[in-house]
Amino acid sequence: MGGYTAEEIASFSAAGDWSFLEKIPLSRYSEASRLEPGAPWFIGLRLEELGSPGKAREMFRAGAGAKLPKDDSPRFAEAALSRYLCLRALLRLESGTPRLTALDSLLSLLRDPKIRSLSVFSASASERSLAELETYRETLLIELGRGSEIPGGIGPWLSSRPLNADILRALGPEAALLTDGASRGEFLWRALVYARDYQRSFLDAEAALGDGPWPVSRNVLSDLGKAALYGAQDPVAQSLRFEREAESRSGEEAYVFYYYAARLAWRSSAAVNGETPAERGRRLMEAARQAAQPGEDRDAAAWYLLEAANREGLGAFRRELARQCPDWHDGSPFSGLLDDAVSRLASRRDWSALESLRRDLAPAFDRGLLAALEARLAYISCRTGMVSPEDAPILLERVRSNGAYPSYYRILASLRLGRPFSEASDFASLLAGENPVDSSGALASLMDGLLRWGMGGRAYALSKELSLSPAPDAAAELAPRIAAAGFPSEALRLSVFSAATAGYEPALRDLFLAFPRPWPEDVAGAASSEGIPEYLLYALLRSESFFDPLIRSSAGAVGLSQLMENTAADTARKMGLASYNLERPGDNIAIGAAYLAELLRRLAPAADGPGGPAALDALFAYNAGITRVREWRRNYRGLEDDLFLEAVPYAETREYGRKVLVASVLYGYLYYRTAAEVSAGSILRL
């Protein structure tokens with residue numbers, strides 16, 4: 001390109017020197033694809049970063065128009081992927097008709113049978129992805145004033161789908177393109193629902209509907225239900241109205257009307273025909289559950305019934321649970337309710353009720369639902385003597401050996417059995433998953449190019465954009481190079497993502513990649529200075545930030561150990577640090593370690609030194625604050641550490657404790673020859 005070789009341009013890119021592009025006219029950008037298949041995309045990305053969107057657009061156009069090699073060429077898949085990425089970039093940079101042209105080219109590419117057969121397009125060319133692109137195309141037609149090209153017209157098209165920001169922007173605030181008054185009125189009140197202006201939306205919906213027939217589109221019905229639920233001044237009247245409509249409908253329409261009639265009943269405060277709001281809400285939601293097809297809708301109705309029973313008490317909760325759990329399609333919507341119930345019962349030391357809950361859920365567990373909850377309840381029941389001495393070892397062994405269960409409970413079960421994890425295969429299930437993988441090698445080749453062109457930090461983002469992993473062997477070669485290029489967090493994320501590919505059994509190599517030791521000197525120095533085991537400090541850093549030194553949380557926590565500014569300032573003052581930078585790894589690690597050591601000292605019994613068996617409390621305080629931890633210890637006085645964790649009322653804090661313990665055990669095993677009972681014992685009193 002312009003007399004430069006691919007190697008020369010890649011070296012310029014890696015060095016951040018793009019002055020050579022000033023000598024190359026736009027007319028010669030088409031030569032970029034001759035360098036290597038991904039070159040137009042690489043150069044276009046760099047031009048965007050340099051603030052030259054016009055030149056970037058020309059480069060992406062060149063890449064999108066480059067001729068693909070023959071489909072039997074070893075670089076066909078890579079070239080096709082590069083074209084796809086250039087077209088996706090044009091959707092971002094183009095506007096008007098050129099954007100529609102790029103979208104049509106993208107759809108044409110993804111519909112090509114030769115392209116769809118490539119593993120690298122398994123997600124991008126799926127029916128769901130194509131449908132989303134078709135919806136975007138129709139939105140662009142509206143934006144360009146060509147809505148008449150939509151089959152059936154704009155009004156029916158709008159009714160058949162949920163509104164989104166693109167549709168709202170295309171039609172504009174007045175929806176002038178909608179010449180049919182009914183369609184326009186419906187769109188305008190639905191737009192208010194999207195904006196969460198529920199009171200206005202409901203008033204406008206009532207005015208638009210008048211005495212006419214109610215809508216039948218699922219999306220319009222759902223928006224009408226939301227408008228009534230959050231915007232109606234008289235929820236009783238609207239609940240009765242929705243119930244009347246439900247009685248004259250069937251199937252999905254009946255489900256939606258009963259569903260919102262029930263929620264409106266629960267929102268009201270007045271009895272109707274002798275029924276309290278709670279009773280009426282339960283009856284109507286049960287009618288919704290009966291009207292729904294098995295799947296997401298029926299589970300949604302079941303969730304509200306279970307939540308209502310939970311408010312009534314444990315007995316009602318258990319009865320509702322036993323009645324409906326054999327019918328669940330997916331257990332995940334119920335996990336939050338159930339986890340909270342387990343914690344409440346643990347806080348009351350009601351171990352027999354927890355064992356009964358485990359038995360109530362057996363129909364769901366037998367179908368493979370809620371594996372994490374099954375392991376949790378099995379461990380608690382064994383731990384508290386609710387399972388006979390003869391059956392407890394059998395149940396604990398089941399927890400220990402089942403790779404579908406969370407590693408936290410597998411580790412604790414192994415320790416209770418006196419058979420601690422000691423082989424890589426014991427830990428491998430921690431990384432197992434079902435992510436799709438690119439067997440063509442095209443994704444790995446493009447990632448290699450990103451590295452050579454000085455953009456290795458984009459590799460994981462590319463994998464996520466495509467919902468696809470490179471082959472594990474390729475990822476294992478790429479990840480250390482990405483980390484060495486200054487992107488340890490991206491390398492870690494790619495390693496974890498690629499190890500969790502369908503049909504792959506993670507090995508010891510994958511564990512080292514998924515639990516790396518960046519900044520070893522800083523961590524070793526801070527751990528030694530504060531008397532904290534290195535494996536514990538690494539576990540905390542990985543759990544807090546995934547080793548991203550620049551990450552900032554929505555709450556304002558900064559860097560590797562996710563320190564709040566005030567906490568960092570106070571800790572640094574005690575350390576005698578005159579200046580520091582929380583985005584600098586060495587500073588952040590040192591202050592984070594000092595803060596953890598302070599929490600250990602403040603929460604440890606007198607006989608325990610820093611890093612001793614009070615570490616669980618210190619970790620909880622690191623996550624949720626020391627005042628809360630002290631309150632929990634007062635409220636749950638006498639509970640041993642593993643059961644105390646189960647009683648903690650914050651799901652995030654419970655999971656944080658589990659995550660740090662598992663990471664501590666892994667780091668101890670991989671790098672420090674520390675047995676699981678020692679590394680786990682530094683956190684829990686076992």
# chains A, B, ... in the order shown; residues from 1 in each chain; ligands from 1
call {"tool": "residues_around", "arguments": {"residues": "range 203-206 of chain A", "least_positions_apart": "2", "cutoff": "10 Å", "atoms": "only C-alpha atoms", "output": "PyMOL selection string"}}
result
chain A and resi 185-190+192-193+198-201+208-211+223-224+227-228+231-233
call {"tool": "residues_around", "arguments": {"residues": "Lys464 in chain A", "least_positions_apart": "2", "cutoff": "12 Å", "atoms": "only C-alpha atoms", "output": "mmCIF file with N, CA, C and O atoms, in the first residue's frame"}}
result
data_model
loop_
_atom_site.group_PDB
_atom_site.id
_atom_site.type_symbol
_atom_site.label_atom_id
_atom_site.label_comp_id
_atom_site.auth_asym_id
_atom_site.auth_seq_id
_atom_site.Cartn_x
_atom_site.Cartn_y
_atom_site.Cartn_z
ATOM 1 N N ALA A 123 -22.742 -17.223 15.124
ATOM 2 C CA ALA A 123 -23.655 -16.343 15.855
ATOM 3 C C ALA A 123 -24.110 -15.176 14.985
ATOM 4 O O ALA A 123 -25.286 -14.821 14.973
ATOM 5 N N SER A 124 -23.188 -14.591 14.224
ATOM 6 C CA SER A 124 -23.504 -13.401 13.434
ATOM 7 C C SER A 124 -24.522 -13.675 12.341
ATOM 8 O O SER A 124 -25.293 -12.790 11.964
ATOM 9 N N ASN A 435 -19.556 -22.067 25.436
ATOM 10 C CA ASN A 435 -19.388 -21.005 24.447
ATOM 11 C C ASN A 435 -19.084 -21.595 23.073
ATOM 12 O O ASN A 435 -18.327 -22.552 22.960
ATOM 13 N N PRO A 436 -19.661 -21.015 22.006
ATOM 14 C CA PRO A 436 -19.328 -21.493 20.659
ATOM 15 C C PRO A 436 -17.887 -21.140 20.297
ATOM 16 O O PRO A 436 -17.337 -20.140 20.770
ATOM 17 N N VAL A 437 -17.276 -21.967 19.444
ATOM 18 C CA VAL A 437 -15.865 -21.792 19.100
ATOM 19 C C VAL A 437 -15.702 -21.699 17.593
ATOM 20 O O VAL A 437 -16.447 -22.327 16.831
ATOM 21 N N LEU A 443 -10.830 -16.142 13.348
ATOM 22 C CA LEU A 443 -10.847 -15.233 14.499
ATOM 23 C C LEU A 443 -9.462 -15.137 15.121
ATOM 24 O O LEU A 443 -8.987 -14.033 15.435
ATOM 25 N N ARG A 458 -7.852 -4.985 21.881
ATOM 26 C CA ARG A 458 -9.163 -5.145 21.257
ATOM 27 C C ARG A 458 -9.536 -6.610 21.035
ATOM 28 O O ARG A 458 -10.633 -6.909 20.567
ATOM 29 N N ALA A 459 -8.633 -7.525 21.319
ATOM 30 C CA ALA A 459 -8.862 -8.927 20.958
ATOM 31 C C ALA A 459 -10.084 -9.508 21.666
ATOM 32 O O ALA A 459 -10.938 -10.144 21.035
ATOM 33 N N TYR A 460 -10.169 -9.312 22.965
ATOM 34 C CA TYR A 460 -11.301 -9.885 23.684
ATOM 35 C C TYR A 460 -12.614 -9.235 23.251
ATOM 36 O O TYR A 460 -13.642 -9.912 23.112
ATOM 37 N N ALA A 461 -12.595 -7.921 23.026
ATOM 38 C CA ALA A 461 -13.808 -7.231 22.577
ATOM 39 C C ALA A 461 -14.299 -7.810 21.257
ATOM 40 O O ALA A 461 -15.511 -7.916 21.025
ATOM 41 N N LEU A 462 -13.366 -8.193 20.380
ATOM 42 C CA LEU A 462 -13.747 -8.816 19.113
ATOM 43 C C LEU A 462 -14.440 -10.144 19.372
ATOM 44 O O LEU A 462 -15.458 -10.470 18.746
ATOM 45 N N LEU A 466 -18.490 -10.994 18.420
ATOM 46 C CA LEU A 466 -18.899 -12.111 17.576
ATOM 47 C C LEU A 466 -19.582 -13.217 18.375
ATOM 48 O O LEU A 466 -20.063 -14.192 17.788
ATOM 49 N N SER A 467 -19.630 -13.082 19.705
ATOM 50 C CA SER A 467 -20.159 -14.149 20.589
ATOM 51 C C SER A 467 -19.502 -15.477 20.251
ATOM 52 O O SER A 467 -20.168 -16.513 20.111
ATOM 53 N N LEU A 468 -18.183 -15.432 20.155
ATOM 54 C CA LEU A 468 -17.433 -16.574 19.636
ATOM 55 C C LEU A 468 -16.029 -16.557 20.221
ATOM 56 O O LEU A 468 -15.441 -15.501 20.414
ATOM 57 N N SER A 469 -15.513 -17.741 20.489
ATOM 58 C CA SER A 469 -14.159 -17.853 21.014
ATOM 59 C C SER A 469 -13.235 -18.454 19.966
ATOM 60 O O SER A 469 -13.660 -19.301 19.175
ATOM 61 N N PRO A 470 -11.977 -18.030 19.952
ATOM 62 C CA PRO A 470 -11.011 -18.790 19.158
ATOM 63 C C PRO A 470 -10.810 -20.160 19.790
ATOM 64 O O PRO A 470 -11.168 -20.379 20.953
ATOM 65 N N GLU A 490 -7.624 -8.007 29.578
ATOM 66 C CA GLU A 490 -8.178 -8.546 28.336
ATOM 67 C C GLU A 490 -7.661 -9.961 28.089
ATOM 68 O O GLU A 490 -8.400 -10.828 27.614
ATOM 69 N N ARG A 493 -9.645 -12.247 30.419
ATOM 70 C CA ARG A 493 -11.013 -12.453 29.953
ATOM 71 C C ARG A 493 -11.053 -13.398 28.758
ATOM 72 O O ARG A 493 -11.940 -14.258 28.662
ATOM 73 N N LEU A 494 -10.109 -13.248 27.843
ATOM 74 C CA LEU A 494 -10.063 -14.144 26.686
ATOM 75 C C LEU A 494 -9.773 -15.572 27.129
ATOM 76 O O LEU A 494 -10.375 -16.533 26.621
ATOM 77 N N PHE A 497 -12.915 -17.023 28.732
ATOM 78 C CA PHE A 497 -13.950 -17.211 27.716
ATOM 79 C C PHE A 497 -13.636 -18.407 26.824
ATOM 80 O O PHE A 497 -14.506 -19.226 26.521
ATOM 81 N N SER A 498 -12.383 -18.543 26.409
ATOM 82 C CA SER A 498 -12.016 -19.609 25.483
ATOM 83 C C SER A 498 -11.964 -20.972 26.163
ATOM 84 O O SER A 498 -12.227 -22.001 25.536
#
call {"tool": "select_by_dssp", "arguments": {"residues": "range 247-305 of chain A", "states": "helix (DSSP H, G or I)", "output": "MDAnalysis selection string"}}
result
chainID A and resid 247 251:267 277:291 296:305
call {"tool": "residues_around", "arguments": {"residues": "range 134-144 of chain A", "least_positions_apart": "2", "cutoff": "7 Å", "atoms": "only C-alpha atoms", "output": "PyMOL selection string"}}
result
chain A and resi 96+100+103+130-132+146-147+150+166-167+170-171
call {"tool": "write_last_selection", "arguments": {"atoms": "N, CA and C atoms", "output": "PDB file, in the first residue's frame"}}
result
ATOM      1  N   GLY A  96     -27.746   7.964   6.498  1.00  0.00           N
ATOM      2  CA  GLY A  96     -28.620   8.041   5.340  1.00  0.00           C
ATOM      3  C   GLY A  96     -28.516   6.845   4.419  1.00  0.00           C
ATOM      4  N   LEU A 100     -27.733   2.520   4.658  1.00  0.00           N
ATOM      5  CA  LEU A 100     -28.623   1.471   4.172  1.00  0.00           C
ATOM      6  C   LEU A 100     -27.898   0.571   3.174  1.00  0.00           C
ATOM      7  N   LEU A 103     -25.743  -1.761   5.068  1.00  0.00           N
ATOM      8  CA  LEU A 103     -26.559  -2.783   5.729  1.00  0.00           C
ATOM      9  C   LEU A 103     -27.023  -3.841   4.730  1.00  0.00           C
ATOM     10  N   LEU A 130     -29.996 -12.190  12.043  1.00  0.00           N
ATOM     11  CA  LEU A 130     -30.521 -11.701  10.767  1.00  0.00           C
ATOM     12  C   LEU A 130     -31.841 -10.967  10.969  1.00  0.00           C
ATOM     13  N   ALA A 131     -32.692 -11.482  11.861  1.00  0.00           N
ATOM     14  CA  ALA A 131     -33.966 -10.809  12.131  1.00  0.00           C
ATOM     15  C   ALA A 131     -33.735  -9.428  12.736  1.00  0.00           C
ATOM     16  N   GLU A 132     -32.747  -9.313  13.614  1.00  0.00           N
ATOM     17  CA  GLU A 132     -32.438  -8.009  14.215  1.00  0.00           C
ATOM     18  C   GLU A 132     -31.938  -7.030  13.160  1.00  0.00           C
ATOM     19  N   ARG A 146     -38.903   6.157   3.367  1.00  0.00           N
ATOM     20  CA  ARG A 146     -39.261   5.086   2.431  1.00  0.00           C
ATOM     21  C   ARG A 146     -40.050   3.984   3.153  1.00  0.00           C
ATOM     22  N   GLY A 147     -40.835   4.402   4.141  1.00  0.00           N
ATOM     23  CA  GLY A 147     -41.593   3.434   4.919  1.00  0.00           C
ATOM     24  C   GLY A 147     -42.597   2.653   4.099  1.00  0.00           C
ATOM     25  N   ILE A 150     -42.011  -1.038   3.380  1.00  0.00           N
ATOM     26  CA  ILE A 150     -42.170  -2.086   4.396  1.00  0.00           C
ATOM     27  C   ILE A 150     -43.432  -2.876   4.093  1.00  0.00           C
ATOM     28  N   ASP A 166     -33.827   3.454  18.113  1.00  0.00           N
ATOM     29  CA  ASP A 166     -33.694   3.644  16.667  1.00  0.00           C
ATOM     30  C   ASP A 166     -35.051   3.941  16.028  1.00  0.00           C
ATOM     31  N   ILE A 167     -36.086   3.197  16.424  1.00  0.00           N
ATOM     32  CA  ILE A 167     -37.419   3.420  15.858  1.00  0.00           C
ATOM     33  C   ILE A 167     -37.939   4.794  16.245  1.00  0.00           C
ATOM     34  N   ALA A 170     -36.196   7.394  14.190  1.00  0.00           N
ATOM     35  CA  ALA A 170     -36.590   7.361  12.784  1.00  0.00           C
ATOM     36  C   ALA A 170     -37.935   8.050  12.560  1.00  0.00           C
ATOM     37  N   LEU A 171     -38.885   7.840  13.465  1.00  0.00           N
ATOM     38  CA  LEU A 171     -40.214   8.422  13.284  1.00  0.00           C
ATOM     39  C   LEU A 171     -40.304   9.856  13.782  1.00  0.00           C
TER      40      LEU A 171
END
call {"tool": "residues_around", "arguments": {"residues": "range 370-385 of chain A", "least_positions_apart": "6", "cutoff": "7 Å", "atoms": "only C-alpha atoms", "output": "compact mmCIF listing (two decimals) with N, CA, C and O atoms, in the first residue's frame"}}
result
# COMPACT_ATOMS: atom_id res chain seq x y z
N GLY A 331 -35.15 -22.53 35.89
CA GLY A 331 -35.08 -22.21 37.31
C GLY A 331 -34.48 -20.86 37.63
O GLY A 331 -34.69 -20.32 38.73
N SER A 332 -33.75 -20.28 36.69
CA SER A 332 -32.97 -19.06 37.01
C SER A 332 -33.82 -17.89 37.48
O SER A 332 -33.38 -17.14 38.37
N TRP A 351 -32.44 -25.09 60.51
CA TRP A 351 -31.82 -26.06 59.61
C TRP A 351 -32.82 -27.10 59.12
O TRP A 351 -32.72 -27.56 57.98
N LEU A 354 -34.61 -25.74 56.18
CA LEU A 354 -33.76 -25.75 54.98
C LEU A 354 -33.69 -27.14 54.37
O LEU A 354 -33.70 -27.29 53.14
N GLU A 355 -33.64 -28.17 55.21
CA GLU A 355 -33.66 -29.53 54.68
C GLU A 355 -35.00 -29.82 54.01
O GLU A 355 -35.05 -30.46 52.94
N ARG A 358 -34.97 -28.24 50.66
CA ARG A 358 -34.19 -29.06 49.72
C ARG A 358 -35.05 -30.18 49.14
O ARG A 358 -35.01 -30.45 47.93
N ALA A 392 -24.81 -38.61 54.80
CA ALA A 392 -24.06 -37.36 54.62
C ALA A 392 -22.82 -37.53 53.75
O ALA A 392 -22.60 -36.73 52.83
N LEU A 395 -23.88 -37.77 50.10
CA LEU A 395 -24.33 -36.50 49.55
C LEU A 395 -23.17 -35.53 49.36
O LEU A 395 -23.08 -34.83 48.34
N LEU A 396 -22.24 -35.50 50.30
CA LEU A 396 -21.06 -34.63 50.16
C LEU A 396 -20.20 -35.06 48.97
O LEU A 396 -19.67 -34.21 48.24
N VAL A 399 -21.72 -33.71 45.89
CA VAL A 399 -21.39 -32.29 45.72
C VAL A 399 -19.96 -32.14 45.23
O VAL A 399 -19.68 -31.37 44.31
N ALA A 404 -21.03 -29.60 37.65
CA ALA A 404 -22.04 -28.57 37.43
C ALA A 404 -22.26 -27.71 38.67
O ALA A 404 -22.89 -26.65 38.58
N TYR A 405 -21.75 -28.14 39.81
CA TYR A 405 -21.94 -27.40 41.05
C TYR A 405 -20.86 -26.33 41.20
O TYR A 405 -19.74 -26.48 40.69
N PRO A 406 -21.16 -25.25 41.93
CA PRO A 406 -20.16 -24.21 42.16
C PRO A 406 -18.92 -24.76 42.86
O PRO A 406 -19.02 -25.59 43.77
N TYR A 409 -18.69 -24.83 46.88
CA TYR A 409 -19.27 -25.94 47.65
C TYR A 409 -18.54 -27.24 47.38
O TYR A 409 -18.45 -28.10 48.27
N ALA A 413 -17.05 -29.30 50.45
CA ALA A 413 -17.44 -30.71 50.60
C ALA A 413 -16.21 -31.61 50.64
O ALA A 413 -16.15 -32.55 51.43
call {"tool": "select_by_dssp", "arguments": {"residues": "range 357-499 of chain A", "states": "strand (DSSP E)", "output": "list of chain:residue names"}}
result
A:Val437, A:Asp438, A:Ser469, A:Pro470
call {"tool": "residues_around", "arguments": {"residues": "Glu397 in chain A", "least_positions_apart": "5", "cutoff": "10 Å", "atoms": "only C-alpha atoms", "output": "number ranges by chain"}}
result
A: 392, 402, 410, 413-414, 416-417, 419
call {"tool": "write_last_selection", "arguments": {"atoms": "N, CA and C atoms", "output": "PDB file, in the first residue's frame"}}
result
ATOM      1  N   ALA A 392     -24.806 -38.607  54.799  1.00  0.00           N
ATOM      2  CA  ALA A 392     -24.062 -37.357  54.615  1.00  0.00           C
ATOM      3  C   ALA A 392     -22.819 -37.530  53.749  1.00  0.00           C
ATOM      4  N   ASN A 402     -19.497 -33.338  41.369  1.00  0.00           N
ATOM      5  CA  ASN A 402     -20.372 -32.843  40.301  1.00  0.00           C
ATOM      6  C   ASN A 402     -19.822 -31.537  39.736  1.00  0.00           C
ATOM      7  N   ARG A 410     -17.999 -27.396  46.198  1.00  0.00           N
ATOM      8  CA  ARG A 410     -17.216 -28.597  45.921  1.00  0.00           C
ATOM      9  C   ARG A 410     -15.951 -28.630  46.792  1.00  0.00           C
ATOM     10  N   ALA A 413     -17.050 -29.304  50.450  1.00  0.00           N
ATOM     11  CA  ALA A 413     -17.441 -30.707  50.603  1.00  0.00           C
ATOM     12  C   ALA A 413     -16.213 -31.605  50.642  1.00  0.00           C
ATOM     13  N   SER A 414     -15.229 -31.303  49.793  1.00  0.00           N
ATOM     14  CA  SER A 414     -14.013 -32.120  49.774  1.00  0.00           C
ATOM     15  C   SER A 414     -13.267 -32.022  51.093  1.00  0.00           C
ATOM     16  N   ARG A 416     -14.648 -31.375  54.041  1.00  0.00           N
ATOM     17  CA  ARG A 416     -15.429 -32.109  55.040  1.00  0.00           C
ATOM     18  C   ARG A 416     -15.197 -33.616  54.921  1.00  0.00           C
ATOM     19  N   LEU A 417     -14.968 -34.075  53.712  1.00  0.00           N
ATOM     20  CA  LEU A 417     -14.732 -35.506  53.487  1.00  0.00           C
ATOM     21  C   LEU A 417     -13.283 -35.907  53.759  1.00  0.00           C
ATOM     22  N   ARG A 419     -10.885 -35.136  51.712  1.00  0.00           N
ATOM     23  CA  ARG A 419     -10.317 -35.437  50.398  1.00  0.00           C
ATOM     24  C   ARG A 419     -10.145 -34.142  49.626  1.00  0.00           C
TER      25      ARG A 419
END
call {"tool": "closest_residue", "arguments": {"among": "A:Val678, A:Leu541, A:Leu178, A:Ala207", "to": "Pro420 in chain A", "atoms": "only C-alpha atoms"}}
result
A:Val678
call {"tool": "closest_residue", "arguments": {"among": "A:Leu661, A:Ala56, A:Ala125, A:Leu91", "to": "Glu677 in chain A", "atoms": "only C-alpha atoms"}}
result
A:Leu661
call {"tool": "closest_residue", "arguments": {"among": "A:Asp197, A:Glu598, A:Asp360, A:Glu534", "to": "Ser679 in chain A", "atoms": "only C-alpha atoms"}}
result
A:Glu534
call {"tool": "residues_around", "arguments": {"residues": "Tyr656 in chain A", "least_positions_apart": "6", "cutoff": "12 Å", "atoms": "only C-alpha atoms", "output": "PyMOL selection string"}}
result
chain A and resi 408+539-544+616-624+645-646+648+650+662-663
call {"tool": "closest_atom_pairs", "arguments": {"of": "range 623-681 of chain A", "to": "range 510-519 of chain A", "cutoff": "12 Å", "atoms": "only C-alpha atoms", "output": "JSON lines"}}
result
{"residue": "A:Val662", "atom": "CA", "partner": "A:Phe515", "partner_atom": "CA", "distance": 10.9}
{"residue": "A:Ala663", "atom": "CA", "partner": "A:Phe515", "partner_atom": "CA", "distance": 7.8}
{"residue": "A:Ser664", "atom": "CA", "partner": "A:Phe515", "partner_atom": "CA", "distance": 9.9}
{"residue": "A:Val665", "atom": "CA", "partner": "A:Phe515", "partner_atom": "CA", "distance": 10.8}
{"residue": "A:Leu666", "atom": "CA", "partner": "A:Phe515", "partner_atom": "CA", "distance": 7.5}
{"residue": "A:Tyr667", "atom": "CA", "partner": "A:Phe515", "partner_atom": "CA", "distance": 6.9}
{"residue": "A:Gly668", "atom": "CA", "partner": "A:Phe515", "partner_atom": "CA", "distance": 10.6}
{"residue": "A:Tyr669", "atom": "CA", "partner": "A:Leu511", "partner_atom": "CA", "distance": 10.3}
{"residue": "A:Leu670", "atom": "CA", "partner": "A:Phe512", "partner_atom": "CA", "distance": 7.1}
{"residue": "A:Tyr671", "atom": "CA", "partner": "A:Arg517", "partner_atom": "CA", "distance": 8.9}
{"residue": "A:Tyr672", "atom": "CA", "partner": "A:Arg517", "partner_atom": "CA", "distance": 11.6}
call {"tool": "write_last_selection", "arguments": {"atoms": "all heavy atoms", "output": "CSV table (one decimal), in the first residue's frame"}}
result
chain,number,residue,atom,x,y,z
A,662,VAL,N,-12.5,-19.4,46.5
A,662,VAL,CA,-12.1,-20.3,45.4
A,662,VAL,C,-10.8,-19.8,44.8
A,662,VAL,O,-9.9,-20.6,44.5
A,662,VAL,CB,-13.3,-20.3,44.4
A,662,VAL,CG1,-12.8,-21.1,43.1
A,662,VAL,CG2,-14.5,-21.0,45.0
A,663,ALA,N,-10.8,-18.5,44.5
A,663,ALA,CA,-9.5,-17.9,43.9
A,663,ALA,C,-8.3,-18.1,44.8
A,663,ALA,O,-7.2,-18.5,44.3
A,663,ALA,CB,-9.7,-16.5,43.6
A,664,SER,N,-8.5,-18.0,46.1
A,664,SER,CA,-7.4,-18.2,47.0
A,664,SER,C,-6.9,-19.7,46.9
A,664,SER,O,-5.7,-19.9,46.9
A,664,SER,CB,-7.8,-17.9,48.5
A,664,SER,OG,-8.0,-16.5,48.6
A,665,VAL,N,-7.8,-20.6,46.9
A,665,VAL,CA,-7.5,-22.0,46.8
A,665,VAL,C,-6.7,-22.3,45.5
A,665,VAL,O,-5.7,-23.0,45.5
A,665,VAL,CB,-8.7,-22.9,47.0
A,665,VAL,CG1,-8.4,-24.4,46.6
A,665,VAL,CG2,-9.3,-22.8,48.4
A,666,LEU,N,-7.2,-21.7,44.4
A,666,LEU,CA,-6.6,-21.9,43.1
A,666,LEU,C,-5.2,-21.3,43.1
A,666,LEU,O,-4.2,-22.0,42.6
A,666,LEU,CB,-7.4,-21.3,42.0
A,666,LEU,CG,-8.3,-22.2,41.2
A,666,LEU,CD1,-7.5,-23.1,40.3
A,666,LEU,CD2,-9.3,-22.9,42.0
A,667,TYR,N,-5.0,-20.1,43.6
A,667,TYR,CA,-3.7,-19.5,43.6
A,667,TYR,C,-2.7,-20.3,44.5
A,667,TYR,O,-1.6,-20.5,44.2
A,667,TYR,CB,-3.8,-18.0,44.0
A,667,TYR,CG,-4.1,-17.1,42.9
A,667,TYR,CD1,-5.3,-16.5,42.7
A,667,TYR,CD2,-3.1,-16.8,41.9
A,667,TYR,CE1,-5.6,-15.7,41.6
A,667,TYR,CE2,-3.4,-16.0,40.8
A,667,TYR,CZ,-4.6,-15.4,40.7
A,667,TYR,OH,-4.9,-14.6,39.6
A,668,GLY,N,-3.3,-20.7,45.7
A,668,GLY,CA,-2.4,-21.5,46.6
A,668,GLY,C,-2.0,-22.8,45.9
A,668,GLY,O,-0.8,-23.2,46.0
A,669,TYR,N,-2.9,-23.4,45.2
A,669,TYR,CA,-2.5,-24.7,44.5
A,669,TYR,C,-1.6,-24.5,43.4
A,669,TYR,O,-0.6,-25.2,43.2
A,669,TYR,CB,-3.8,-25.3,44.0
A,669,TYR,CG,-3.6,-26.4,43.0
A,669,TYR,CD1,-3.2,-27.7,43.4
A,669,TYR,CD2,-3.9,-26.2,41.6
A,669,TYR,CE1,-3.0,-28.7,42.5
A,669,TYR,CE2,-3.7,-27.2,40.7
A,669,TYR,CZ,-3.2,-28.4,41.1
A,669,TYR,OH,-3.0,-29.4,40.2
A,670,LEU,N,-1.8,-23.4,42.5
A,670,LEU,CA,-1.0,-23.3,41.3
A,670,LEU,C,0.4,-22.8,41.6
A,670,LEU,O,1.4,-23.2,40.9
A,670,LEU,CB,-1.7,-22.3,40.4
A,670,LEU,CG,-3.0,-22.8,39.7
A,670,LEU,CD1,-3.7,-21.7,39.0
A,670,LEU,CD2,-2.8,-24.0,38.8
A,671,TYR,N,0.6,-21.9,42.5
A,671,TYR,CA,1.8,-21.1,42.6
A,671,TYR,C,2.6,-21.3,44.0
A,671,TYR,O,3.8,-21.1,44.0
A,671,TYR,CB,1.6,-19.6,42.4
A,671,TYR,CG,1.0,-19.3,41.1
A,671,TYR,CD1,-0.3,-19.0,41.0
A,671,TYR,CD2,1.8,-19.2,40.0
A,671,TYR,CE1,-0.9,-18.7,39.7
A,671,TYR,CE2,1.3,-18.9,38.7
A,671,TYR,CZ,-0.1,-18.6,38.6
A,671,TYR,OH,-0.6,-18.3,37.4
A,672,TYR,N,1.9,-21.7,45.0
A,672,TYR,CA,2.5,-21.6,46.4
A,672,TYR,C,2.5,-22.9,47.1
A,672,TYR,O,2.9,-23.0,48.3
A,672,TYR,CB,1.7,-20.6,47.2
A,672,TYR,CG,1.7,-19.2,46.6
A,672,TYR,CD1,0.6,-18.7,45.9
A,672,TYR,CD2,2.9,-18.4,46.6
A,672,TYR,CE1,0.7,-17.5,45.3
A,672,TYR,CE2,2.9,-17.1,46.0
A,672,TYR,CZ,1.8,-16.7,45.3
A,672,TYR,OH,1.8,-15.5,44.7
call {"tool": "decode", "arguments": {"residues": "range 416-427 of chain A", "atoms": "C-alpha atoms", "output": "tab-separated table (two decimals), in the first residue's frame"}}
result
chain	number	residue	atom	x	y	z
A	416	ARG	CA	-15.43	-32.11	55.04
A	417	LEU	CA	-14.73	-35.51	53.49
A	418	GLY	CA	-10.99	-35.19	54.14
A	419	ARG	CA	-10.32	-35.44	50.40
A	420	PRO	CA	-9.07	-31.97	49.43
A	421	PHE	CA	-8.68	-31.02	45.80
A	422	SER	CA	-5.14	-31.81	44.72
A	423	GLU	CA	-5.25	-32.39	40.95
A	424	ALA	CA	-5.84	-30.06	38.02
A	425	SER	CA	-8.83	-32.15	37.02
A	426	ASP	CA	-10.45	-31.31	40.36
A	427	PHE	CA	-10.47	-27.63	39.44
